[in-house]
Structures are given as structure tokens and as C-alpha cells.
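Printed here is upload.cif (mmCIF, C-alpha atoms):
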data_structure
#
loop_
_atom_site.label_atom_id
_atom_site.label_comp_id
_atom_site.auth_asym_id
_atom_site.auth_seq_id
_atom_site.Cartn_x
_atom_site.Cartn_y
_atom_site.Cartn_z
CA MET A 1 0.00 0.00 0.00
CA TYR A 2 1.35 3.43 -0.86
CA THR A 3 0.35 7.10 -0.93
CA ILE A 4 1.32 9.68 -3.56
CA ARG A 5 1.52 13.34 -2.58
CA ARG A 6 3.16 16.58 -3.61
CA PRO A 7 6.73 17.15 -2.39
CA ARG A 8 7.87 19.86 -0.03
CA THR A 9 11.35 21.31 0.32
CA GLU A 10 11.80 19.36 3.56
CA ASP A 11 11.37 16.11 1.59
CA ALA A 12 14.84 16.43 0.05
CA ALA A 13 16.31 13.73 2.31
CA ALA A 14 13.49 11.29 1.52
CA ILE A 15 13.86 11.89 -2.22
CA HIS A 16 17.61 11.51 -1.94
CA ASP A 17 17.10 8.18 -0.19
CA VAL A 18 15.05 6.84 -3.13
CA ILE A 19 17.55 8.07 -5.73
CA VAL A 20 20.52 6.59 -3.88
CA ALA A 21 18.76 3.22 -3.56
CA ARG A 22 18.25 3.20 -7.34
CA ASP A 23 21.83 4.35 -8.01
CA VAL A 24 23.33 1.63 -5.85
CA LYS A 25 21.19 -0.99 -7.56
CA VAL A 26 22.15 0.18 -11.06
CA LEU A 27 25.65 1.62 -10.62
CA GLY A 28 26.89 0.09 -7.39
CA VAL A 29 27.45 3.56 -5.89
CA ALA A 30 25.45 6.71 -5.14
CA ASP A 31 25.51 9.28 -7.94
CA CYS A 32 23.57 12.08 -6.25
CA THR A 33 24.08 14.29 -3.21
CA LEU A 34 21.51 15.73 -0.85
CA ASP A 35 22.49 19.24 -1.94
CA GLU A 36 21.74 18.37 -5.56
CA VAL A 37 18.24 17.19 -4.62
CA ALA A 38 17.63 20.37 -2.64
CA ASP A 39 18.81 22.41 -5.64
CA ASP A 40 16.42 20.54 -7.93
CA LEU A 41 13.48 21.30 -5.64
CA ALA A 42 14.41 24.99 -5.77
CA GLU A 43 14.88 25.05 -9.55
CA PRO A 44 13.33 28.24 -11.01
CA GLY A 45 10.11 27.37 -12.79
CA PHE A 46 9.66 24.06 -10.96
CA ASP A 47 6.37 24.16 -9.04
CA LEU A 48 6.22 21.82 -6.05
CA ASP A 49 2.42 21.93 -6.15
CA THR A 50 2.08 20.77 -9.76
CA ASP A 51 5.33 19.29 -11.10
CA GLY A 52 6.43 16.62 -8.61
CA TRP A 53 5.12 13.44 -6.98
CA LEU A 54 6.51 11.62 -3.93
CA ALA A 55 5.24 8.14 -3.06
CA HIS A 56 5.65 6.59 0.38
CA ASP A 57 4.44 3.53 2.23
CA ALA A 58 2.09 3.35 5.21
CA ASP A 59 4.95 4.04 7.61
CA GLY A 60 6.13 7.10 5.68
CA GLY A 61 9.06 5.36 4.00
CA PRO A 62 9.84 6.93 0.59
CA LEU A 63 9.19 4.64 -2.37
CA ALA A 64 9.30 6.74 -5.54
CA TRP A 65 10.02 10.21 -6.88
CA ALA A 66 8.73 11.60 -10.19
CA TRP A 67 8.80 15.03 -11.79
CA ALA A 68 8.31 17.06 -14.96
CA CYS A 69 10.11 20.36 -15.55
CA ALA A 70 9.68 22.77 -18.45
CA ASN A 71 12.74 24.20 -20.14
CA GLY A 72 11.99 27.92 -20.14
CA ASP A 73 9.16 28.84 -22.49
CA SER A 74 10.06 26.18 -25.05
CA ASP A 75 8.15 23.00 -25.91
CA LEU A 76 10.92 20.89 -24.34
CA VAL A 77 10.12 19.21 -21.02
CA ASP A 78 12.43 17.02 -18.95
CA ILE A 79 10.94 14.21 -16.87
CA ASP A 80 12.07 11.47 -14.54
CA VAL A 81 10.58 8.57 -12.60
CA VAL A 82 12.73 6.95 -9.91
CA VAL A 83 11.39 3.96 -7.98
CA ARG A 84 13.03 2.17 -5.09
CA PRO A 85 14.25 -1.26 -6.26
CA GLY A 86 11.84 -4.07 -5.45
CA VAL A 87 8.73 -1.84 -5.41
CA ASP A 88 6.19 -3.02 -7.99
CA GLY A 89 3.47 -1.03 -9.76
CA LEU A 90 4.62 2.52 -9.05
CA ALA A 91 6.65 3.07 -12.22
CA GLU A 92 3.70 1.96 -14.35
CA ARG A 93 1.45 4.42 -12.52
CA LEU A 94 3.81 7.41 -12.49
CA TRP A 95 5.05 7.41 -16.10
CA PRO A 96 1.62 8.36 -17.55
CA VAL A 97 1.26 11.02 -14.85
CA VAL A 98 4.51 12.81 -15.71
CA LEU A 99 3.80 12.56 -19.45
CA GLU A 100 0.41 14.19 -18.98
CA ARG A 101 2.01 16.96 -16.94
CA ALA A 102 4.55 17.43 -19.76
CA ARG A 103 1.65 17.98 -22.16
CA GLU A 104 0.11 20.52 -19.78
CA LEU A 105 3.37 22.42 -19.39
CA ALA A 106 3.70 22.74 -23.16
CA ARG A 107 0.08 23.86 -23.54
CA GLU A 108 0.56 26.45 -20.81
CA ARG A 109 3.40 27.90 -22.89
CA GLY A 110 1.33 28.07 -26.06
CA HIS A 111 2.61 24.95 -27.83
CA ASP A 112 0.43 22.37 -29.59
CA GLY A 113 2.93 19.59 -28.92
CA VAL A 114 5.71 18.71 -26.51
CA THR A 115 9.16 17.16 -26.79
CA VAL A 116 9.88 15.04 -23.72
CA ASP A 117 13.38 13.99 -22.63
CA VAL A 118 14.36 11.49 -19.96
CA GLY A 119 17.90 10.60 -18.91
CA VAL A 120 18.72 6.91 -18.47
CA TYR A 121 21.96 5.44 -17.21
CA ARG A 122 23.37 3.11 -19.88
CA ALA A 123 23.46 0.36 -17.21
CA ASP A 124 19.77 0.75 -16.28
CA ASP A 125 18.14 -1.95 -18.40
CA ALA A 126 14.78 -1.73 -16.60
CA LYS A 127 14.36 2.01 -17.10
CA ARG A 128 15.44 1.79 -20.73
CA ALA A 129 12.75 -0.84 -21.28
CA LEU A 130 10.14 1.44 -19.69
CA ALA A 131 11.21 4.33 -21.90
CA LYS A 132 10.82 2.17 -25.00
CA GLU A 133 7.47 0.91 -23.75
CA HIS A 134 6.24 4.50 -23.50
CA GLY A 135 7.30 5.34 -27.05
CA PHE A 136 10.67 6.97 -26.41
CA GLU A 137 13.59 6.63 -28.80
CA ALA A 138 17.30 7.15 -28.20
CA GLY A 139 18.21 10.81 -28.77
CA THR A 140 21.83 11.22 -27.74
CA SER A 141 24.35 10.11 -25.13
CA PHE A 142 26.24 12.14 -22.57
CA TYR A 143 29.61 10.83 -21.46
CA ARG A 144 30.91 11.69 -18.01
CA MET A 145 34.61 12.33 -18.51
CA ARG A 146 37.23 12.42 -15.77
CA ILE A 147 40.92 13.10 -15.37
CA ASP A 148 42.87 12.45 -12.16
CA PHE A 149 45.91 14.38 -10.96
CA ASP A 150 48.96 12.59 -9.61
CA GLU A 151 51.01 15.79 -9.48
CA PRO A 152 50.57 19.56 -9.90
CA VAL A 153 49.29 20.70 -13.30
CA GLU A 154 51.16 23.50 -15.00
CA PRO A 155 48.85 26.33 -16.15
CA PRO A 156 48.85 26.54 -19.96
CA ALA A 157 50.06 29.48 -22.02
CA GLY A 158 47.27 31.38 -23.71
CA PRO A 159 46.99 32.33 -27.40
CA PRO A 160 48.02 35.82 -28.59
CA GLY A 161 45.62 38.63 -27.73
CA LEU A 162 43.99 36.71 -24.87
CA THR A 163 42.61 38.36 -21.75
CA LEU A 164 40.72 36.52 -19.01
CA HIS A 165 37.99 37.92 -16.79
CA THR A 166 36.28 36.18 -13.86
CA GLY A 167 32.59 36.30 -13.07
CA GLU A 168 32.32 38.42 -9.94
CA SER A 169 30.91 41.35 -11.94
CA GLU A 170 27.52 41.35 -13.65
CA ASP A 171 28.96 42.78 -16.86
CA ILE A 172 31.25 39.75 -17.24
CA ARG A 173 28.42 37.37 -16.40
CA ARG A 174 26.22 38.95 -19.06
CA GLU A 175 28.95 38.60 -21.70
CA ALA A 176 29.57 35.00 -20.65
CA HIS A 177 25.86 34.24 -20.96
CA SER A 178 25.83 35.61 -24.51
CA VAL A 179 28.82 33.46 -25.43
CA GLN A 180 27.22 30.37 -23.89
CA GLN A 181 23.97 30.90 -25.78
CA ALA A 182 25.69 31.42 -29.13
CA GLY A 183 28.22 28.64 -28.53
CA PHE A 184 25.55 26.04 -27.74
CA ALA A 185 22.89 27.17 -30.24
CA GLU A 186 23.25 24.09 -32.47
CA HIS A 187 23.60 21.50 -29.70
CA PHE A 188 21.10 18.79 -28.81
CA GLY A 189 18.35 20.03 -26.53
CA PHE A 190 19.45 23.68 -26.67
CA VAL A 191 16.81 26.18 -25.61
CA GLU A 192 17.47 29.90 -25.78
CA ILE A 193 16.99 31.53 -22.38
CA GLY A 194 17.44 35.11 -21.25
CA TYR A 195 20.11 36.30 -18.89
CA GLU A 196 17.83 36.63 -15.86
CA LEU A 197 16.72 32.97 -15.89
CA TRP A 198 20.21 31.73 -16.75
CA HIS A 199 21.64 33.70 -13.86
CA GLU A 200 18.93 32.69 -11.40
CA ARG A 201 19.36 28.99 -12.17
CA ARG A 202 23.07 29.12 -11.46
CA ASP A 203 22.89 31.52 -8.55
CA LYS A 204 20.52 29.18 -6.70
CA GLN A 205 22.78 26.15 -7.08
CA SER A 206 24.62 25.37 -3.86
CA ALA A 207 27.70 24.34 -5.88
CA ASN A 208 27.87 27.61 -7.83
CA ASP A 209 30.88 29.90 -7.48
CA TRP A 210 30.95 32.95 -9.73
CA SER A 211 34.70 33.27 -9.26
CA GLN A 212 34.99 30.00 -11.24
CA LEU A 213 33.32 31.63 -14.26
CA THR A 214 35.86 32.81 -16.83
CA LEU A 215 35.23 34.94 -19.90
CA ALA A 216 37.97 34.81 -22.54
CA ARG A 217 38.44 37.74 -24.90
CA ILE A 218 40.67 37.76 -27.96
CA ASP A 219 41.84 41.24 -28.93
CA GLY A 220 39.10 42.64 -26.71
CA ARG A 221 36.29 40.59 -28.27
CA PRO A 222 34.33 37.95 -26.30
CA ALA A 223 35.44 34.58 -27.68
CA ALA A 224 34.81 31.81 -25.14
CA MET A 225 33.59 31.07 -21.63
CA LEU A 226 34.30 28.47 -18.97
CA HIS A 227 32.06 27.90 -15.96
CA CYS A 228 33.23 25.48 -13.28
CA ASN A 229 31.60 24.69 -9.96
CA ASP A 230 31.82 22.46 -6.88
CA GLN A 231 29.18 19.87 -7.82
CA PHE A 232 31.53 16.89 -7.50
CA VAL A 233 33.69 18.13 -4.63
CA SER A 234 31.80 16.56 -1.71
CA ASP A 235 31.37 13.08 -3.21
CA GLU A 236 34.23 12.70 -5.70
CA GLY A 237 36.76 15.29 -4.50
CA CYS A 238 36.81 16.68 -8.05
CA GLY A 239 36.18 19.97 -9.75
CA TYR A 240 33.46 20.16 -12.40
CA VAL A 241 33.43 21.88 -15.78
CA ALA A 242 29.74 22.69 -16.07
CA THR A 243 30.04 24.69 -19.31
CA LEU A 244 32.75 25.25 -21.89
CA ALA A 245 31.71 27.25 -24.95
CA VAL A 246 33.70 28.78 -27.81
CA LEU A 247 32.07 31.06 -30.36
CA PRO A 248 32.12 29.59 -33.88
CA GLU A 249 34.41 32.27 -35.31
CA PHE A 250 37.06 31.52 -32.67
CA ARG A 251 37.06 27.73 -32.97
CA GLY A 252 40.06 25.83 -34.23
CA ARG A 253 42.56 28.09 -32.43
CA GLY A 254 43.14 25.95 -29.36
CA LEU A 255 41.02 28.16 -27.12
CA GLY A 256 38.85 25.32 -25.84
CA ARG A 257 41.91 23.21 -25.02
CA PHE A 258 43.51 26.17 -23.24
CA LEU A 259 40.46 26.75 -21.03
CA LEU A 260 40.18 23.03 -20.28
CA ARG A 261 43.82 22.81 -19.24
CA ARG A 262 43.33 25.96 -17.17
CA ALA A 263 40.46 24.25 -15.34
CA PHE A 264 42.72 21.23 -14.68
CA ALA A 265 45.44 23.47 -13.26
CA ALA A 266 42.98 25.36 -11.06
CA ASP A 267 41.46 22.16 -9.67
CA ALA A 268 44.88 20.66 -8.99
CA ALA A 269 45.94 23.85 -7.21
CA ARG A 270 42.85 23.60 -5.02
CA GLY A 271 43.94 20.14 -3.95
CA ARG A 272 41.22 18.32 -5.86
CA LYS A 273 41.71 14.76 -7.06
CA GLY A 274 40.66 15.52 -10.61
CA THR A 275 38.22 17.24 -12.95
CA ILE A 276 34.89 15.94 -14.26
CA LEU A 277 32.66 17.11 -17.11
CA HIS A 278 29.82 15.85 -19.30
CA VAL A 279 29.91 15.90 -23.09
CA ASP A 280 27.27 15.12 -25.70
CA SER A 281 28.62 12.40 -28.00
CA ASN A 282 26.73 14.08 -30.87
CA ASN A 283 28.20 17.50 -30.15
CA VAL A 284 28.45 19.68 -33.27
CA THR A 285 32.06 20.34 -32.33
CA PRO A 286 34.64 17.53 -31.85
CA ALA A 287 34.47 17.99 -28.08
CA LEU A 288 34.67 14.31 -27.13
CA GLY A 289 37.92 13.94 -29.06
CA LEU A 290 39.27 17.10 -27.43
CA TYR A 291 38.62 15.79 -23.95
CA GLU A 292 40.08 12.37 -24.70
CA SER A 293 43.20 13.91 -26.21
CA ALA A 294 43.59 16.03 -23.06
CA GLY A 295 43.80 12.84 -20.97
CA MET A 296 40.20 12.49 -19.85
CA ARG A 297 38.45 9.10 -19.85
CA SER A 298 34.80 8.08 -19.89
CA VAL A 299 33.54 6.83 -16.52
CA LEU A 300 29.76 6.86 -17.05
CA ILE A 301 27.25 7.11 -19.91
CA ILE A 302 23.81 8.68 -19.63
CA ASP A 303 21.53 8.22 -22.62
CA VAL A 304 18.81 10.77 -23.33
CA TRP A 305 15.60 9.20 -24.64
CA ARG A 306 13.11 11.44 -26.43
CA ARG A 307 9.47 11.34 -27.44
CA ARG A 308 7.30 13.86 -29.30
CA LEU A 309 3.70 14.11 -28.07
#

Show this structure as C-alpha cells.
Amino acid sequence: MYTIRRPRTEDAAAIHDVIVARDVKVLGVADCTLDEVADDLAEPGFDLDTDGWLAHDADGGPLAWAWACANGDSDLVDIDVVVRPGVDGLAERLWPVVLERARELARERGHDGVTVDVGVYRADDAKRALAKEHGFEAGTSFYRMRIDFDEPVEPPAGPPGLTLHTGESEDIRREAHSVQQAGFAEHFGFVEIGYELWHERRDKQSANDWSQLTLARIDGRPAAMLHCNDQFVSDEGCGYVATLAVLPEFRGRGLGRFLLRRAFAADAARGRKGTILHVDSNNVTPALGLYESAGMRSVLIIDVWRRRL
């Protein structure tokens, strides 16, 4: 017997418990922190009263967590359904619920259809089967890349005309946002968002650190941006490259490699074990090859499954 209700911010620990139980079953280790769950519940645009469902047993033990979250004003909605291993019937009940909410979110934004994405660990055979059962098809794959440091990393030399500016000032953050939007415009799942929402999303993340945002200018012109944060510090002891974007007209000059090596050097100087990032295997730029050639290796694959309703 179970009950399904709306989540509250104080349910973060219960939700985390469900996610960790699934992670351990599928991956053998936890792949989520309590802070990350709390951040998700505070995500701008995510409404606790309409967009999430928490199931628990008669004694209050958490059994499942499901959600649907719109991506700005676009017709793209992300969903997820996480059920504690060994609990039957809840996944079958919750998948239709989140898909219906995805339809509603798109209608509320003026769209006559919705594109729904769900992330599935490559090792999660059961969830992949459920995605297929509900009409989803493989969209792309994100590789988690990692490099470990056995010794200090020498900061790289920059290309001619380079100046670097960190993100403590709003002017730099605004320029970095513009570079990120233009640099990712052709990537899978890209949705154009304004500066205010972009800034709010990052500012509310517990792992965010604006001093780890770097804007690169070449001869005074914005050319690239790097945004690192502390997402993997508490559980992996690693820095995290959340975003690395180079404007099309500045690609092919080694700027991306320079910023990546700069992130490695900064993380090593902070005493971190390594650096982690995620890369789309279908990236319009040869990013996966860049990261591999810089010494990074794949440690996890997350497939994105997509359905159009």
C-alpha cells in the first residue's frame, strides 16, 4: 500500500534516499548528493504543487520520486521517474502522470505539442525498457569524462591577444551568458533563455561559485567562456566543468583546449583529485575527441531518450 503526494522542500532527504537506492542498484554507488536534490526542488520554474510526486508507504518510508520540468518557455520538457528497487506497480502508474504533466506544461506555454526527454543510465536496463514501452527513442548520449591528478598541473600558455575575466561582476556574467547561448545554439536540446533565468538557475545552485566563471576575450572581443563549480567536490573530490563554450568564429585556435587545461590546473591547485565534465557524444564540435586527447576518460554514460507528443 502506498500514498502519492506533492513534495515539499523538507522532503529532500526522503527523495535523496530513493535516488541513492536506485543508483546503488544500477551503478553500485550513489551518484547524487543531498544538496543536488535540494537544488532541484528549488529550480526556477519548478512548481512543487504541480510538477512533482513523492510516493511513500504506510509508515512514511519513501518509495518513488517523479517530476516534470519545463525548459523555459520552449516545448521541451524534462521528466524522470525513480522507484526504489523491489517496489512493484509505481513506475507503471507514475510514467503516464509525468507525461500528462509534460503535455500541460507545453500547452501552458502556447505549444500544440511537446518534446519530452528522460535521462537513463546506460546500465539501467529496466528504465530503458520502460522508456521504449512509452514510445521513447534514443536521442543522444552524454559521457561523463574524468581526469585524475597525480602531481601539480602546470597552467597553460594562452593564445596571442587573450585576456581573461572572472565572473564576480555582472557585466562579465552577461557577456559569458551571450557566449554560452551562441556557442551552444546548435547543440542537442538547446533552448534559448534570457540572462535573468540563466543567472537565477546558477545563482541558486549550492555548488555555484561565480569566481569560477571565466570569460575569454581575444583582442578585446568575447570569444569563449568556462564555468566550473563544486558539484563533484563533496562526493568525488573533483572539480566540475559545467560549461565550456567557444564562439564559432574563434574555434580551431586551441582556445577550448587552453580553457580546459586551465580548469585542470585550477582544480589541482585547489587540492582536488581531478576534474569531471559531461559531453554530448553528438556535439556539433569535436568535443569528445578534445577531452580524450587532453587525458580524460569516460567513466559513465547517460543516454537521453526522447518522445514527441

Output check: residues returned by the PyMOL selection byres ((chain A and resi 277) around 6), as a list in words: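 With the PyMOL selection byres ((chain A and resi 277) around 6) on this model, the match is Arg144, Met145, Tyr240, Val241, Ile276 and His278 of chain A.
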
C-alpha atoms of the current selection, written as a compact mmCIF listing (two decimals), keeping the file's coordinate frame:
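Once everything was written out, this is part_21.txt:
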# COMPACT_ATOMS: atom_id res chain seq x y z
CA ARG A 144 30.91 11.69 -18.01
CA MET A 145 34.61 12.33 -18.51
CA TYR A 240 33.46 20.16 -12.40
CA VAL A 241 33.43 21.88 -15.78
CA ILE A 276 34.89 15.94 -14.26
CA HIS A 278 29.82 15.85 -19.30

Apply the PyMOL selection byres ((chain A and resi 18) around 12) to the displayed file and report the matching residues as a compact mmCIF listing (two decimals) with C-alpha atoms, keeping the file's coordinate frame.
# COMPACT_ATOMS: atom_id res chain seq x y z
CA ASP A 11 11.37 16.11 1.59
CA ALA A 12 14.84 16.43 0.05
CA ALA A 13 16.31 13.73 2.31
CA ALA A 14 13.49 11.29 1.52
CA ILE A 15 13.86 11.89 -2.22
CA HIS A 16 17.61 11.51 -1.94
CA ASP A 17 17.10 8.18 -0.19
CA ILE A 19 17.55 8.07 -5.73
CA VAL A 20 20.52 6.59 -3.88
CA ALA A 21 18.76 3.22 -3.56
CA ARG A 22 18.25 3.20 -7.34
CA ASP A 23 21.83 4.35 -8.01
CA VAL A 24 23.33 1.63 -5.85
CA LYS A 25 21.19 -0.99 -7.56
CA ALA A 30 25.45 6.71 -5.14
CA ASP A 31 25.51 9.28 -7.94
CA CYS A 32 23.57 12.08 -6.25
CA THR A 33 24.08 14.29 -3.21
CA LEU A 34 21.51 15.73 -0.85
CA VAL A 37 18.24 17.19 -4.62
CA LEU A 54 6.51 11.62 -3.93
CA ALA A 55 5.24 8.14 -3.06
CA HIS A 56 5.65 6.59 0.38
CA GLY A 61 9.06 5.36 4.00
CA PRO A 62 9.84 6.93 0.59
CA LEU A 63 9.19 4.64 -2.37
CA ALA A 64 9.30 6.74 -5.54
CA TRP A 65 10.02 10.21 -6.88
CA ALA A 66 8.73 11.60 -10.19
CA VAL A 81 10.58 8.57 -12.60
CA VAL A 82 12.73 6.95 -9.91
CA VAL A 83 11.39 3.96 -7.98
CA ARG A 84 13.03 2.17 -5.09
CA PRO A 85 14.25 -1.26 -6.26
CA GLY A 86 11.84 -4.07 -5.45
CA VAL A 87 8.73 -1.84 -5.41

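Among the candidates A:Gly158, A:Ala58, A:Glu10, A:Glu151, the one nearest to Gly254 (chain A) when counting all atoms listed in the file is A:Gly158.
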
Given the PyMOL selection byres ((chain A and resi 210) around 10), the residues it picks as an MDAnalysis selection string: chainID A and resid 166:170 173 202:203 207:209 211:214 227:229

Which residue of A:Ser234, A:Ser178, A:Thr140, A:Thr3 approaches Glu36 (chain A) most closely, using only C-alpha atoms: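 Checking each candidate against Glu36 (chain A), we get A:Ser234 as the closest.
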
Straight-line distance linking CA of Glu236 (chain A) with CA of Tyr291 (chain A), stated in Å to one decimal: 19.0 Å
